Amino acid sequence: MSLGVAFALTAEQTEELLALSDDELRDSWLQDLEVDVDDSAWFQYDKAWDELHRCLGDGELVIQEAPPLAHAVFGSQPLMRDEDSATFAGYLPAADVPTVAARLRDVDRSWLRARFDALGRTDYAAYGGPLDDALFEHVWACLERLREFYARLVEGQAALVFSVDG
């Protein structure tokens, strides 16, 4: 499983990224961002991005239409997808960040656990590891850190970009 990471984007960075015309340019731009980003402007999901995204949405590993929780990990708009390398990037506009942050604050442990336990009935069951207590604790800890990251996004009026490389 690949590591997922999210970055806070300023208005200038957002404009620059969205102006790029193809996936190769966006991928290069994101790689440069990873090198130059300030520690407070990025969030490492470790390997919990998959389970967390599925739990906050409808269980599928795609950008989802039903906001706002479903947009917390991947964002609401695809930026690039390379099926061959499993590289993916998604974007959440700064205007949508406060709504997602507010909904994340409402997620409690029992709700997330119920969603986590339901992953065994999705396509996750075909390739994912065991849905045990240790993995749930990892996903819960990731959610708690993600809430802190979203608070920084709101404070900085920043957009979010999520990236994962296969």
# chains A, B, ... in the order shown; residues from 1 in each chain; ligands from 1
>>> select_by_dssp(residues="stretch 76-130 of chain A", states="strand (DSSP E or B)", output="list in words")
Gln77, Pro78, Leu79, Met80, Arg81, Asp82, Thr87, Phe88, Ala89, Gly90, Tyr91 and Leu92 of chain A
>>> select_by_dssp(residues="chain A", states="alpha helix (DSSP H)", output="ChimeraX atom specification")
/A:11-19,23-36,49-56,97-106,109-117,124-127,133-156
>>> atom_distance(atom1="atom CA of A:Asp32", atom2="atom CA of A:Ala6")
13.8 Å
>>> closest_residue(among="A:Phe88, A:Trp140, A:Trp42, A:Phe149", to="A:Arg26", atoms="only C-alpha atoms")
A:Phe88
>>> atom_distance(atom1="atom CA of A:Tyr91", atom2="atom CA of A:Arg113")
26.4 Å
>>> residues_around(residues="A:Gly156", least_positions_apart="4", cutoff="12 Å", atoms="only C-alpha atoms", output="ChimeraX atom specification")
/A:8-11,40-41,94-95,97-98,149-152,160
>>> residues_around(residues="A:Arg147", least_positions_apart="3", cutoff="8 Å", atoms="only C-alpha atoms", output="PDB file with C-alpha atoms, in the first residue's frame")
ATOM      1  CA  ALA A 101     -13.482  20.630   8.805  1.00  0.00           C
ATOM      2  CA  LEU A 104     -14.795  16.056  10.654  1.00  0.00           C
ATOM      3  CA  ARG A 105     -15.144  17.514  14.150  1.00  0.00           C
ATOM      4  CA  LEU A 143      -8.534  11.011  11.757  1.00  0.00           C
ATOM      5  CA  GLU A 144      -7.612  12.908  14.913  1.00  0.00           C
ATOM      6  CA  TYR A 150      -7.974  20.842   8.612  1.00  0.00           C
ATOM      7  CA  ALA A 151      -7.979  23.401  11.435  1.00  0.00           C
TER       8      ALA A 151
END
>>> residues_around(residues="stretch 14-25 of chain A", least_positions_apart="2", cutoff="12 Å", atoms="only C-alpha atoms", output="PyMOL selection string")
chain A and resi 7-12+27-33+77-83+87-94+157-161
>>> closest_atom_pairs(of="stretch 19-106 of chain A", to="stretch 114-120 of chain A", cutoff="12 Å", atoms="only C-alpha atoms", output="JSON lines")
{"residue": "A:Ala48", "atom": "CA", "partner": "A:Phe116", "partner_atom": "CA", "distance": 11.4}
{"residue": "A:Asp50", "atom": "CA", "partner": "A:Leu119", "partner_atom": "CA", "distance": 10.7}
{"residue": "A:Glu51", "atom": "CA", "partner": "A:Phe116", "partner_atom": "CA", "distance": 7.3}
{"residue": "A:Leu52", "atom": "CA", "partner": "A:Phe116", "partner_atom": "CA", "distance": 8.2}
{"residue": "A:His53", "atom": "CA", "partner": "A:Phe116", "partner_atom": "CA", "distance": 10.3}
{"residue": "A:Arg54", "atom": "CA", "partner": "A:Leu119", "partner_atom": "CA", "distance": 7.5}
{"residue": "A:Cys55", "atom": "CA", "partner": "A:Arg115", "partner_atom": "CA", "distance": 5.1}
{"residue": "A:Leu56", "atom": "CA", "partner": "A:Arg115", "partner_atom": "CA", "distance": 7.7}
{"residue": "A:Gly57", "atom": "CA", "partner": "A:Arg115", "partner_atom": "CA", "distance": 9.0}
{"residue": "A:Asp58", "atom": "CA", "partner": "A:Arg115", "partner_atom": "CA", "distance": 9.0}
{"residue": "A:Gly59", "atom": "CA", "partner": "A:Leu119", "partner_atom": "CA", "distance": 6.5}
{"residue": "A:Glu60", "atom": "CA", "partner": "A:Leu119", "partner_atom": "CA", "distance": 9.3}
{"residue": "A:Leu61", "atom": "CA", "partner": "A:Leu119", "partner_atom": "CA", "distance": 11.2}
>>> closest_residue(among="A:Asp123, A:Leu153, A:Asp106, A:Val5", to="A:Gln44", atoms="only C-alpha atoms")
A:Val5
>>> atom_distance(atom1="atom CA of A:Asp133", atom2="atom CA of A:Ala66")
27.8 Å
>>> residues_around(residues="A:Pro68", least_positions_apart="6", cutoff="8 Å", atoms="only C-alpha atoms", output="PyMOL selection string")
chain A and resi 99-100+103
>>> decode(residues="stretch 128-147 of chain A", atoms="N, CA and C atoms", output="PDB file, in the first residue's frame")
ATOM      1  N   GLY A 128      -7.570  -5.867   0.906  1.00  0.00           N
ATOM      2  CA  GLY A 128      -7.126  -5.284   2.158  1.00  0.00           C
ATOM      3  C   GLY A 128      -6.733  -6.338   3.172  1.00  0.00           C
ATOM      4  N   GLY A 129      -5.990  -5.892   4.155  1.00  0.00           N
ATOM      5  CA  GLY A 129      -5.605  -6.795   5.235  1.00  0.00           C
ATOM      6  C   GLY A 129      -6.750  -6.976   6.209  1.00  0.00           C
ATOM      7  N   PRO A 130      -6.450  -7.585   7.330  1.00  0.00           N
ATOM      8  CA  PRO A 130      -7.506  -7.809   8.323  1.00  0.00           C
ATOM      9  C   PRO A 130      -8.017  -6.495   8.915  1.00  0.00           C
ATOM     10  N   LEU A 131      -9.314  -6.420   9.082  1.00  0.00           N
ATOM     11  CA  LEU A 131      -9.939  -5.243   9.687  1.00  0.00           C
ATOM     12  C   LEU A 131      -9.996  -5.459  11.201  1.00  0.00           C
ATOM     13  N   ASP A 132      -8.834  -5.362  11.822  1.00  0.00           N
ATOM     14  CA  ASP A 132      -8.740  -5.665  13.244  1.00  0.00           C
ATOM     15  C   ASP A 132      -8.655  -4.390  14.088  1.00  0.00           C
ATOM     16  N   ASP A 133      -8.598  -4.579  15.392  1.00  0.00           N
ATOM     17  CA  ASP A 133      -8.562  -3.451  16.321  1.00  0.00           C
ATOM     18  C   ASP A 133      -7.331  -2.576  16.114  1.00  0.00           C
ATOM     19  N   ALA A 134      -6.188  -3.187  15.817  1.00  0.00           N
ATOM     20  CA  ALA A 134      -4.958  -2.416  15.627  1.00  0.00           C
ATOM     21  C   ALA A 134      -5.092  -1.472  14.425  1.00  0.00           C
ATOM     22  N   LEU A 135      -5.658  -1.966  13.332  1.00  0.00           N
ATOM     23  CA  LEU A 135      -5.842  -1.110  12.158  1.00  0.00           C
ATOM     24  C   LEU A 135      -6.852  -0.013  12.461  1.00  0.00           C
ATOM     25  N   PHE A 136      -7.935  -0.341  13.152  1.00  0.00           N
ATOM     26  CA  PHE A 136      -8.901   0.697  13.498  1.00  0.00           C
ATOM     27  C   PHE A 136      -8.244   1.794  14.340  1.00  0.00           C
ATOM     28  N   GLU A 137      -7.438   1.431  15.312  1.00  0.00           N
ATOM     29  CA  GLU A 137      -6.767   2.427  16.154  1.00  0.00           C
ATOM     30  C   GLU A 137      -5.867   3.322  15.312  1.00  0.00           C
ATOM     31  N   HIS A 138      -5.225   2.745  14.319  1.00  0.00           N
ATOM     32  CA  HIS A 138      -4.372   3.522  13.407  1.00  0.00           C
ATOM     33  C   HIS A 138      -5.222   4.512  12.601  1.00  0.00           C
ATOM     34  N   VAL A 139      -6.359   4.052  12.102  1.00  0.00           N
ATOM     35  CA  VAL A 139      -7.254   4.915  11.321  1.00  0.00           C
ATOM     36  C   VAL A 139      -7.828   6.019  12.216  1.00  0.00           C
ATOM     37  N   TRP A 140      -8.227   5.680  13.434  1.00  0.00           N
ATOM     38  CA  TRP A 140      -8.769   6.678  14.359  1.00  0.00           C
ATOM     39  C   TRP A 140      -7.712   7.746  14.671  1.00  0.00           C
ATOM     40  N   ALA A 141      -6.481   7.323  14.932  1.00  0.00           N
ATOM     41  CA  ALA A 141      -5.397   8.275  15.215  1.00  0.00           C
ATOM     42  C   ALA A 141      -5.159   9.182  14.009  1.00  0.00           C
ATOM     43  N   CYS A 142      -5.241   8.621  12.823  1.00  0.00           N
ATOM     44  CA  CYS A 142      -5.080   9.411  11.597  1.00  0.00           C
ATOM     45  C   CYS A 142      -6.186  10.458  11.496  1.00  0.00           C
ATOM     46  N   LEU A 143      -7.415  10.063  11.796  1.00  0.00           N
ATOM     47  CA  LEU A 143      -8.534  11.011  11.757  1.00  0.00           C
ATOM     48  C   LEU A 143      -8.313  12.165  12.736  1.00  0.00           C
ATOM     49  N   GLU A 144      -7.844  11.849  13.923  1.00  0.00           N
ATOM     50  CA  GLU A 144      -7.612  12.908  14.913  1.00  0.00           C
ATOM     51  C   GLU A 144      -6.547  13.895  14.428  1.00  0.00           C
ATOM     52  N   ARG A 145      -5.488  13.388  13.805  1.00  0.00           N
ATOM     53  CA  ARG A 145      -4.452  14.275  13.250  1.00  0.00           C
ATOM     54  C   ARG A 145      -4.984  15.051  12.041  1.00  0.00           C
ATOM     55  N   LEU A 146      -5.850  14.394  11.246  1.00  0.00           N
ATOM     56  CA  LEU A 146      -6.433  15.058  10.081  1.00  0.00           C
ATOM     57  C   LEU A 146      -7.289  16.246  10.514  1.00  0.00           C
ATOM     58  N   ARG A 147      -8.015  16.107  11.606  1.00  0.00           N
ATOM     59  CA  ARG A 147      -8.806  17.234  12.113  1.00  0.00           C
ATOM     60  C   ARG A 147      -7.910  18.430  12.424  1.00  0.00           C
TER      61      ARG A 147
END
